[in-house]
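Novice: Contents of upload.txt (compact mmCIF, C-alpha atoms and all ligand atoms) are below:
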```
# COMPACT_ATOMS: atom_id res chain seq x y z
CA MET A 1 -22.50 7.85 -5.90
CA SER A 2 -25.71 6.15 -5.03
CA THR A 3 -27.35 4.18 -2.27
CA ILE A 4 -28.00 0.50 -2.95
CA ALA A 5 -30.90 -1.38 -1.40
CA ILE A 6 -30.83 -5.15 -1.74
CA GLN A 7 -34.22 -6.48 -0.67
CA ASN A 8 -34.77 -10.16 0.02
CA VAL A 9 -32.78 -11.29 -3.03
CA SER A 10 -32.65 -15.01 -3.82
CA LYS A 11 -30.94 -16.82 -6.67
CA ARG A 12 -31.23 -20.49 -7.56
CA PHE A 13 -29.02 -22.45 -9.93
CA GLY A 14 -30.96 -25.70 -10.38
CA ASP A 15 -31.21 -27.22 -6.88
CA LYS A 16 -28.55 -24.89 -5.49
CA LEU A 17 -29.76 -21.84 -3.58
CA ALA A 18 -26.80 -19.49 -4.17
CA LEU A 19 -28.53 -16.50 -2.49
CA ASP A 20 -31.15 -17.10 0.16
CA GLY A 21 -33.16 -13.96 0.91
CA VAL A 22 -30.28 -11.50 1.16
CA SER A 23 -31.09 -7.95 2.32
CA LEU A 24 -28.54 -5.17 2.68
CA ASP A 25 -28.59 -1.36 2.60
CA VAL A 26 -25.43 0.28 1.30
CA LYS A 27 -25.01 3.98 2.06
CA SER A 28 -23.99 6.49 -0.56
CA GLY A 29 -20.18 6.66 -0.77
CA GLU A 30 -19.73 3.60 1.40
CA MET A 31 -17.22 0.82 0.70
CA ILE A 32 -18.57 -2.64 1.49
CA ALA A 33 -16.52 -5.85 1.46
CA LEU A 34 -18.39 -9.10 0.78
CA LEU A 35 -16.37 -11.71 2.65
CA GLY A 36 -16.80 -15.45 2.77
CA SER A 37 -15.37 -18.76 1.75
CA SER A 38 -15.65 -20.23 -1.73
CA GLY A 39 -19.23 -20.84 -2.87
CA CYS A 40 -20.97 -18.69 -0.21
CA GLY A 41 -22.63 -16.52 -2.88
CA LYS A 42 -20.59 -13.32 -2.83
CA THR A 43 -19.89 -13.25 -6.59
CA THR A 44 -23.53 -14.09 -7.32
CA LEU A 45 -24.61 -11.11 -5.20
CA LEU A 46 -22.16 -8.80 -6.99
CA ARG A 47 -23.34 -10.09 -10.37
CA ALA A 48 -26.97 -9.53 -9.35
CA ILE A 49 -26.12 -5.91 -8.52
CA ALA A 50 -24.36 -5.62 -11.90
CA GLY A 51 -27.34 -7.09 -13.78
CA LEU A 52 -25.28 -10.06 -15.00
CA THR A 53 -27.16 -12.64 -12.90
CA PRO A 54 -30.84 -11.74 -12.53
CA PRO A 55 -32.28 -12.83 -9.15
CA ASN A 56 -35.27 -15.20 -8.91
CA ASP A 57 -36.80 -13.18 -6.08
CA GLY A 58 -36.33 -9.83 -4.43
CA ARG A 59 -35.45 -6.34 -5.62
CA ILE A 60 -32.35 -4.20 -6.09
CA LEU A 61 -32.63 -0.41 -5.95
CA PHE A 62 -30.09 2.28 -6.76
CA ASP A 63 -31.16 5.54 -5.06
CA ASP A 64 -34.74 4.23 -4.75
CA ARG A 65 -34.87 3.35 -8.45
CA ASP A 66 -35.71 -0.32 -9.07
CA VAL A 67 -32.91 -1.71 -11.29
CA THR A 68 -33.66 -5.42 -10.72
CA HIS A 69 -34.44 -6.04 -14.39
CA LEU A 70 -32.42 -3.25 -15.97
CA PRO A 71 -29.76 -4.50 -18.44
CA THR A 72 -26.12 -4.16 -17.28
CA ARG A 73 -25.26 -1.53 -19.91
CA ARG A 74 -27.98 0.76 -18.57
CA ARG A 75 -26.81 0.58 -14.97
CA PRO A 76 -24.53 3.35 -13.66
CA ILE A 77 -21.80 0.87 -12.66
CA GLY A 78 -18.09 0.30 -13.19
CA MET A 79 -16.62 -3.18 -12.77
CA VAL A 80 -13.14 -4.58 -12.14
CA PHE A 81 -12.53 -8.33 -12.25
CA GLN A 82 -9.78 -10.62 -11.05
CA GLY A 83 -8.31 -10.96 -14.57
CA TYR A 84 -7.06 -7.65 -15.91
CA SER A 85 -9.34 -7.79 -18.98
CA LEU A 86 -7.64 -4.84 -20.71
CA PHE A 87 -7.74 -4.57 -24.50
CA PRO A 88 -4.24 -5.83 -25.45
CA ASN A 89 -4.06 -3.84 -28.69
CA MET A 90 -4.83 -0.52 -26.96
CA THR A 91 -2.54 1.68 -24.88
CA VAL A 92 -3.28 2.58 -21.27
CA ARG A 93 -4.76 5.89 -22.46
CA GLN A 94 -6.92 4.20 -25.11
CA ASN A 95 -8.14 1.58 -22.63
CA ILE A 96 -9.25 4.25 -20.16
CA ALA A 97 -10.82 6.34 -22.93
CA PHE A 98 -12.75 3.40 -24.38
CA PRO A 99 -15.97 3.57 -22.31
CA LEU A 100 -16.15 7.32 -22.92
CA LYS A 101 -15.74 6.89 -26.70
CA VAL A 102 -18.48 4.26 -26.71
CA ARG A 103 -20.73 6.84 -25.08
CA GLY A 104 -19.87 9.24 -27.90
CA GLN A 105 -18.20 11.88 -25.73
CA ASP A 106 -16.30 14.76 -27.27
CA ALA A 107 -12.57 14.05 -27.83
CA ARG A 108 -11.34 17.04 -25.78
CA ALA A 109 -13.52 16.10 -22.81
CA ILE A 110 -12.25 12.52 -23.07
CA GLY A 111 -8.64 13.72 -23.10
CA ARG A 112 -9.18 15.79 -19.96
CA ARG A 113 -10.93 12.96 -18.12
CA VAL A 114 -8.23 10.43 -19.04
CA ASP A 115 -5.46 12.80 -17.85
CA GLU A 116 -7.32 13.23 -14.57
CA LEU A 117 -7.57 9.46 -14.10
CA LEU A 118 -3.95 8.82 -15.11
CA ALA A 119 -2.92 11.24 -12.36
CA LEU A 120 -5.28 9.58 -9.87
CA ILE A 121 -3.83 6.10 -10.47
CA GLY A 122 -0.23 7.37 -10.81
CA LEU A 123 0.31 6.06 -14.35
CA ALA A 124 0.74 9.27 -16.37
CA ALA A 125 4.24 8.17 -17.38
CA HIS A 126 2.86 4.91 -18.78
CA ALA A 127 -0.04 6.39 -20.75
CA ASP A 128 1.30 5.19 -24.11
CA HIS A 129 2.31 1.71 -22.99
CA HIS A 130 0.41 -1.39 -24.00
CA PRO A 131 -0.83 -3.87 -21.35
CA ASN A 132 2.00 -6.34 -22.08
CA GLN A 133 4.49 -3.61 -21.08
CA LEU A 134 2.86 -3.22 -17.64
CA SER A 135 3.17 -5.14 -14.37
CA GLY A 136 0.10 -6.91 -12.96
CA GLY A 137 -0.47 -4.10 -10.46
CA GLN A 138 -0.23 -1.44 -13.20
CA GLN A 139 -2.67 -3.38 -15.37
CA GLN A 140 -5.14 -3.61 -12.53
CA ARG A 141 -4.81 0.12 -11.83
CA THR A 142 -5.56 0.76 -15.51
CA ALA A 143 -8.62 -1.51 -15.26
CA LEU A 144 -9.73 0.51 -12.22
CA ALA A 145 -9.29 3.81 -14.09
CA ARG A 146 -11.26 2.43 -17.05
CA ALA A 147 -14.09 1.39 -14.71
CA LEU A 148 -14.08 4.86 -13.12
CA ALA A 149 -13.88 6.82 -16.41
CA PRO A 150 -17.65 7.31 -16.91
CA ASP A 151 -17.93 8.38 -13.25
CA PRO A 152 -20.13 5.43 -12.22
CA ALA A 153 -22.47 5.76 -9.25
CA VAL A 154 -21.45 2.26 -8.11
CA LEU A 155 -18.07 0.53 -8.39
CA LEU A 156 -18.07 -3.29 -8.28
CA LEU A 157 -14.77 -5.08 -7.61
CA ASP A 158 -14.66 -8.87 -7.92
CA GLU A 159 -11.48 -10.21 -6.26
CA PRO A 160 -9.46 -7.49 -8.02
CA LEU A 161 -6.25 -8.31 -6.15
CA SER A 162 -6.18 -12.08 -6.12
CA ALA A 163 -4.02 -12.48 -9.24
CA LEU A 164 -1.27 -10.23 -7.82
CA ASP A 165 1.74 -11.18 -5.75
CA ALA A 166 1.77 -10.37 -2.03
CA VAL A 167 3.65 -7.05 -2.02
CA VAL A 168 1.82 -5.54 -5.01
CA ARG A 169 -1.41 -6.78 -3.52
CA LEU A 170 -0.92 -4.89 -0.27
CA HIS A 171 0.07 -1.73 -2.11
CA LEU A 172 -2.88 -1.84 -4.49
CA ARG A 173 -5.26 -2.68 -1.65
CA ASP A 174 -4.31 0.60 0.02
CA GLU A 175 -4.47 2.41 -3.35
CA ILE A 176 -8.02 1.19 -4.00
CA ARG A 177 -9.06 2.48 -0.60
CA ARG A 178 -7.33 5.84 -1.19
CA ILE A 179 -8.91 6.27 -4.63
CA GLN A 180 -12.38 5.22 -3.42
CA GLN A 181 -12.17 7.72 -0.56
CA ALA A 182 -10.91 10.45 -2.92
CA ILE A 183 -13.83 10.07 -5.33
CA ARG A 184 -16.36 8.83 -2.75
CA THR A 185 -18.06 6.41 -5.08
CA THR A 186 -20.25 3.69 -3.54
CA ALA A 187 -18.26 0.46 -3.84
CA LEU A 188 -18.60 -3.27 -3.21
CA LEU A 189 -15.56 -5.51 -3.15
CA VAL A 190 -15.73 -9.31 -3.18
CA THR A 191 -12.92 -11.09 -1.35
CA HIS A 192 -12.21 -14.27 0.55
CA ASP A 193 -9.25 -12.59 2.30
CA GLN A 194 -10.29 -11.30 5.71
CA SER A 195 -7.34 -8.91 6.11
CA GLU A 196 -8.22 -7.32 2.75
CA ALA A 197 -11.86 -6.91 3.82
CA LEU A 198 -10.94 -5.39 7.19
CA ALA A 199 -8.42 -3.01 5.60
CA VAL A 200 -10.51 -1.51 2.80
CA ALA A 201 -14.12 -1.55 3.92
CA ASP A 202 -16.31 0.80 5.93
CA ARG A 203 -18.42 -2.27 6.67
CA VAL A 204 -17.77 -5.95 6.12
CA VAL A 205 -20.55 -8.36 5.16
CA VAL A 206 -19.70 -11.90 6.25
CA MET A 207 -21.55 -14.39 4.05
CA ARG A 208 -22.20 -18.06 4.62
CA ALA A 209 -24.16 -20.48 2.42
CA GLY A 210 -26.10 -17.79 0.53
CA ARG A 211 -27.00 -15.77 3.62
CA ILE A 212 -25.55 -12.81 5.49
CA GLU A 213 -24.01 -13.93 8.78
CA GLN A 214 -22.96 -10.53 10.12
CA VAL A 215 -22.62 -6.94 8.87
CA ALA A 216 -20.32 -4.70 10.89
CA ALA A 217 -17.52 -2.15 10.81
CA PRO A 218 -14.10 -3.89 10.68
CA ASN A 219 -13.19 -3.08 14.29
CA VAL A 220 -16.59 -4.25 15.57
CA LEU A 221 -16.32 -7.50 13.62
CA TYR A 222 -12.82 -8.02 14.97
CA ASP A 223 -13.72 -7.24 18.58
CA LYS A 224 -17.32 -8.44 18.79
CA PRO A 225 -18.14 -11.25 16.39
CA THR A 226 -21.78 -12.26 16.91
CA SER A 227 -21.43 -15.89 15.89
CA GLY A 228 -18.92 -18.70 16.10
CA PHE A 229 -18.71 -18.60 12.30
CA SER A 230 -17.78 -14.89 12.15
CA ALA A 231 -15.33 -15.31 15.03
CA GLY A 232 -13.65 -18.24 13.32
CA PHE A 233 -13.49 -16.42 10.00
CA ILE A 234 -12.03 -13.15 11.25
CA GLY A 235 -8.52 -13.07 12.66
CA GLN A 236 -6.14 -15.83 13.61
CA ARG A 237 -7.87 -16.81 16.82
CA ASN A 238 -7.45 -19.54 19.34
CA ALA A 239 -10.52 -21.75 18.81
CA LEU A 240 -11.08 -23.99 21.83
CA ASP A 241 -13.65 -26.67 22.56
CA LEU A 242 -14.28 -26.43 26.33
CA PRO A 243 -16.82 -27.90 28.75
CA VAL A 244 -19.60 -25.71 30.18
CA LEU A 245 -20.07 -26.09 33.95
CA ASP A 246 -22.85 -24.22 35.76
CA GLY A 247 -23.21 -21.84 32.79
CA ARG A 248 -19.52 -20.92 32.66
CA VAL A 249 -16.33 -22.01 30.93
CA ARG A 250 -13.06 -22.04 32.80
CA LEU A 251 -9.89 -20.96 31.02
CA CYS A 252 -6.40 -19.87 32.09
CA GLY A 253 -7.29 -19.36 35.74
CA THR A 254 -10.46 -17.36 35.07
CA SER A 255 -14.06 -18.24 34.35
CA VAL A 256 -16.30 -16.71 31.70
CA PRO A 257 -20.10 -16.76 31.54
CA ALA A 258 -21.58 -18.74 28.65
CA PRO A 259 -25.07 -17.16 28.65
CA ALA A 260 -26.45 -18.26 25.28
CA VAL A 261 -24.94 -21.74 25.44
CA ASP A 262 -27.23 -24.68 26.15
CA THR A 263 -24.72 -27.29 25.04
CA ALA A 264 -22.42 -29.33 27.25
CA ARG A 265 -19.44 -27.90 25.46
CA ALA A 266 -18.77 -24.45 24.05
CA LEU A 267 -16.75 -23.03 21.19
CA VAL A 268 -14.44 -20.47 22.76
CA PHE A 269 -12.43 -17.89 20.82
CA LEU A 270 -9.50 -15.87 22.13
CA ARG A 271 -7.16 -13.75 20.05
CA PRO A 272 -3.43 -14.47 20.33
CA GLU A 273 -2.71 -10.83 21.27
CA ASP A 274 -5.10 -11.21 24.23
CA VAL A 275 -2.99 -13.91 25.90
CA HIS A 276 -0.84 -11.88 28.32
CA ARG A 277 2.45 -12.64 30.02
CA MET A 278 2.21 -12.49 33.81
CA ASP A 279 4.70 -12.39 36.65
CA ALA A 280 5.83 -15.75 38.00
CA GLY A 281 3.21 -16.91 40.49
CA ALA A 282 0.32 -15.22 38.68
CA GLY A 283 -1.85 -16.74 35.92
CA ARG A 284 -1.10 -20.24 34.64
CA ARG A 285 2.23 -21.88 33.92
CA ALA A 286 2.88 -22.53 30.23
CA ARG A 287 5.68 -24.18 28.28
CA VAL A 288 6.92 -22.61 25.03
CA GLU A 289 6.54 -25.32 22.38
CA ALA A 290 7.59 -23.18 19.39
CA ARG A 291 8.22 -19.56 18.43
CA ILE A 292 7.81 -17.95 15.03
CA PHE A 293 9.20 -14.51 14.28
CA GLU A 294 6.61 -12.45 12.37
CA GLY A 295 8.27 -9.01 12.36
CA ARG A 296 6.72 -6.62 14.88
CA THR A 297 5.31 -9.55 16.86
CA THR A 298 6.45 -13.10 17.53
CA ARG A 299 3.94 -15.93 17.69
CA PHE A 300 4.36 -18.42 20.54
CA TYR A 301 2.79 -21.87 20.62
CA LEU A 302 2.17 -22.60 24.30
CA LYS A 303 1.14 -25.65 26.30
CA VAL A 304 -0.75 -24.20 29.25
CA GLU A 305 -1.19 -26.15 32.51
CA ASP A 306 -4.88 -25.37 32.92
CA GLU A 307 -7.34 -26.79 35.41
CA GLU A 308 -9.09 -28.85 32.72
CA GLY A 309 -5.75 -30.29 31.63
CA ALA A 310 -3.13 -29.21 29.11
CA LEU A 311 -4.35 -26.48 26.77
CA ASP A 312 -2.76 -25.42 23.47
CA LEU A 313 -2.76 -21.64 23.03
CA LYS A 314 -1.22 -19.29 20.48
CA ALA A 315 0.08 -15.98 21.84
CA ASP A 316 1.40 -12.94 19.92
CA TRP A 317 3.83 -10.75 21.83
CA PRO A 318 5.94 -7.75 20.71
CA SER A 319 9.18 -9.15 19.32
CA ARG A 320 11.33 -6.63 21.17
CA ASP A 321 9.96 -7.88 24.54
CA VAL A 322 10.67 -11.57 23.97
CA GLU A 323 14.19 -11.77 22.60
CA GLY A 324 15.38 -14.08 25.38
CA LEU A 325 12.36 -16.38 25.37
CA ALA A 326 13.16 -19.78 23.84
CA THR A 327 11.46 -23.09 23.09
CA GLY A 328 11.25 -25.17 26.28
CA ASP A 329 11.11 -22.12 28.60
CA THR A 330 8.34 -21.70 31.14
CA VAL A 331 6.21 -18.53 31.19
CA HIS A 332 3.12 -17.47 33.10
CA VAL A 333 0.06 -16.39 31.15
CA GLY A 334 -3.29 -14.83 31.97
CA ILE A 335 -6.30 -13.47 30.13
CA ASP A 336 -9.03 -10.88 30.61
CA PRO A 337 -12.47 -12.59 30.55
CA ARG A 338 -13.80 -9.68 28.44
CA ASP A 339 -11.56 -10.81 25.56
CA VAL A 340 -13.10 -14.27 25.47
CA HIS A 341 -15.96 -15.00 23.04
CA VAL A 342 -18.14 -17.99 23.87
CA PHE A 343 -20.55 -19.62 21.38
CA PRO A 344 -22.58 -22.84 21.42
CA ALA A 345 -20.67 -25.86 20.14
CA ALA A 346 -22.06 -27.34 16.93
CA THR A 347 -23.34 -30.43 18.78
CA ARG A 348 -26.20 -29.97 21.25
CA ALA A 349 -26.20 -31.59 24.65
CA THR A 350 -28.22 -34.82 24.78
CA PRO A 351 -30.96 -34.59 27.45
P1 LIG A 401 -15.83 -18.06 -4.99
O1 LIG A 401 -15.02 -17.29 -4.00
O2 LIG A 401 -15.36 -19.46 -5.16
O3 LIG A 401 -16.03 -17.34 -6.30
P2 LIG A 401 -18.48 -17.21 -4.20
O4 LIG A 401 -18.76 -16.96 -2.77
O5 LIG A 401 -18.27 -16.01 -5.05
O6 LIG A 401 -17.29 -18.23 -4.34
P3 LIG A 401 -20.59 -17.87 -6.03
O7 LIG A 401 -19.72 -17.84 -7.26
O8 LIG A 401 -21.50 -16.73 -5.80
O9 LIG A 401 -19.69 -18.07 -4.73
O10 LIG A 401 -21.42 -19.23 -6.06
C1 LIG A 401 -22.39 -19.55 -5.09
C2 LIG A 401 -22.93 -20.94 -5.40
O11 LIG A 401 -23.67 -20.93 -6.61
C3 LIG A 401 -21.85 -21.99 -5.56
O12 LIG A 401 -22.29 -23.21 -5.02
C4 LIG A 401 -21.70 -22.10 -7.06
O13 LIG A 401 -21.25 -23.39 -7.42
C5 LIG A 401 -23.10 -21.83 -7.55
N1 LIG A 401 -23.09 -21.18 -8.87
C6 LIG A 401 -22.60 -19.94 -9.14
N2 LIG A 401 -22.78 -19.63 -10.44
C7 LIG A 401 -23.41 -20.71 -11.02
C8 LIG A 401 -23.88 -21.00 -12.34
N3 LIG A 401 -23.75 -20.12 -13.33
N4 LIG A 401 -24.45 -22.20 -12.54
C9 LIG A 401 -24.60 -23.08 -11.54
N5 LIG A 401 -24.20 -22.87 -10.27
C10 LIG A 401 -23.60 -21.70 -10.00
```
What do you get writing this file as structure tokens?
Ligand code: ATP
Specialist:
Amino acid sequence: MSTIAIQNVSKRFGDKLALDGVSLDVKSGEMIALLGSSGCGKTTLLRAIAGLTPPNDGRILFDDRDVTHLPTRRRPIGMVFQGYSLFPNMTVRQNIAFPLKVRGQDARAIGRRVDELLALIGLAAHADHHPNQLSGGQQQRTALARALAPDPAVLLLDEPLSALDAVVRLHLRDEIRRIQQAIRTTALLVTHDQSEALAVADRVVVMRAGRIEQVAAPNVLYDKPTSGFSAGFIGQRNALDLPVLDGRVRLCGTSVPAPAVDTARALVFLRPEDVHRMDAGAGRRARVEARIFEGRTTRFYLKVEDEEGALDLKADWPSRDVEGLATGDTVHVGIDPRDVHVFPAATRATP
């Protein structure tokens, strides 16, 4: 494992600034998720770390060693891509052994290392199968073992789960985290799936248009997004456009300060689990417009009778508490002002 220092890295493709002065320090043994929508630069950043896309400006250091212009093959990295990229004519064992053979390691040492990795990824019983005899998840686990075989200081994962179906994806997501924690290698994972980023990473880097928007631990990002962009990107929130009056926004019978907002309207975020049911008479009246069973919780689409007029809110409540609640029913809802995140609206107030 190794620390990674990314210092003021920029990358241009013609007129397009794919990375715009990105700086990030990754701790040794840390798992970082690079999260952002398509085209924000996350793959370019990963490729710059891998040596596949040299930056125009800035430096990249592994453990204080400048690797900015070091060829990929001389970097202590392992990579896993979205496509499985296994050698189809080789067995699982031969695929995993390949990078060790290329390095000219002794056959007995290779055998021991491959057995160790087969046990780690749970594929010992499939060691002599070819890739076409494996499921997508098994192929991706083999690709992971192959990347880990030379014991790289840095593991780079570029959307490794996106070609898998939902169930396998969840399982392998947890497996990647377990394996990374077991071997404690420094790792960066590129994803556009926020739940994947929150689940696997020690810290999540939210990227937007070639820049870093926020870097934070998953729970901090979820609870305290520092910008409207991060708040909108993380979690299925209520996103409301509300007027600002005397420096406050009013919502669901309470009012929330809007300190950094100098616009006439504010972008207000509230998580569905933070909309609470109240006793009749308390909070605001709301009509149930629709309900969607989601397992442990049920999502309710509510029309709230708020002081500014009718307000559409999503609420998530434990399914076992809401069995009798149907479309058309009236409920009372309230919120805690501390759960409300207020950001400036995109349009500024005209003087
Ligand atoms: P995605 O999730 O779609 O892969 P991303 O966040 O990984 O998106 P990048 O692949 O890093 O985004 O691309 C960032 C920007 O740079 C995009 O506008 C992309 O079109 C552009 N870009 C990336 N690679 C090249 C290239 N080789 N030539 C020209 N433009 C490129």
Novice: Counting all atoms listed in the file, what are the residues, protein, DNA or RNA alike, that approach ligand LIG 401 (chain A) to within 9 Å? I want them as a PyMOL selection string.
Specialist: chain A and resi 11-19+34-47+53+158-159+190-192+207-210
Novice: Just checking: using all atoms listed in the file, which residue out of A:His276, A:Arg248, A:His126, A:Arg203 ends up closest to Gly29 in chain A?
Specialist: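 The answer is A:Arg203, which sits nearest to Gly29 in chain A.
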Novice: With only C-alpha atoms as the basis for distance, which of A:Val275, A:Val288, A:Ala48, A:Ile32 is at the shortest distance from Arg338 in chain A?
Specialist: A:Val275
Novice: Skip Arg184 in chain A itself and residues of its chain fewer than 4 positions away, then list as an MDAnalysis selection string all residues within 8 Å of it, counting only C-alpha atoms.
Specialist: chainID A and resid 1 29:30 180
Novice: If we count all atoms listed in the file, what is near Pro160 in chain A at a cut-off of 8 Å, once residues fewer than 5 positions away on the same chain are taken out, given as JSON, numbers by chain?
Specialist: {"A": [80, 81, 82, 83, 140]}
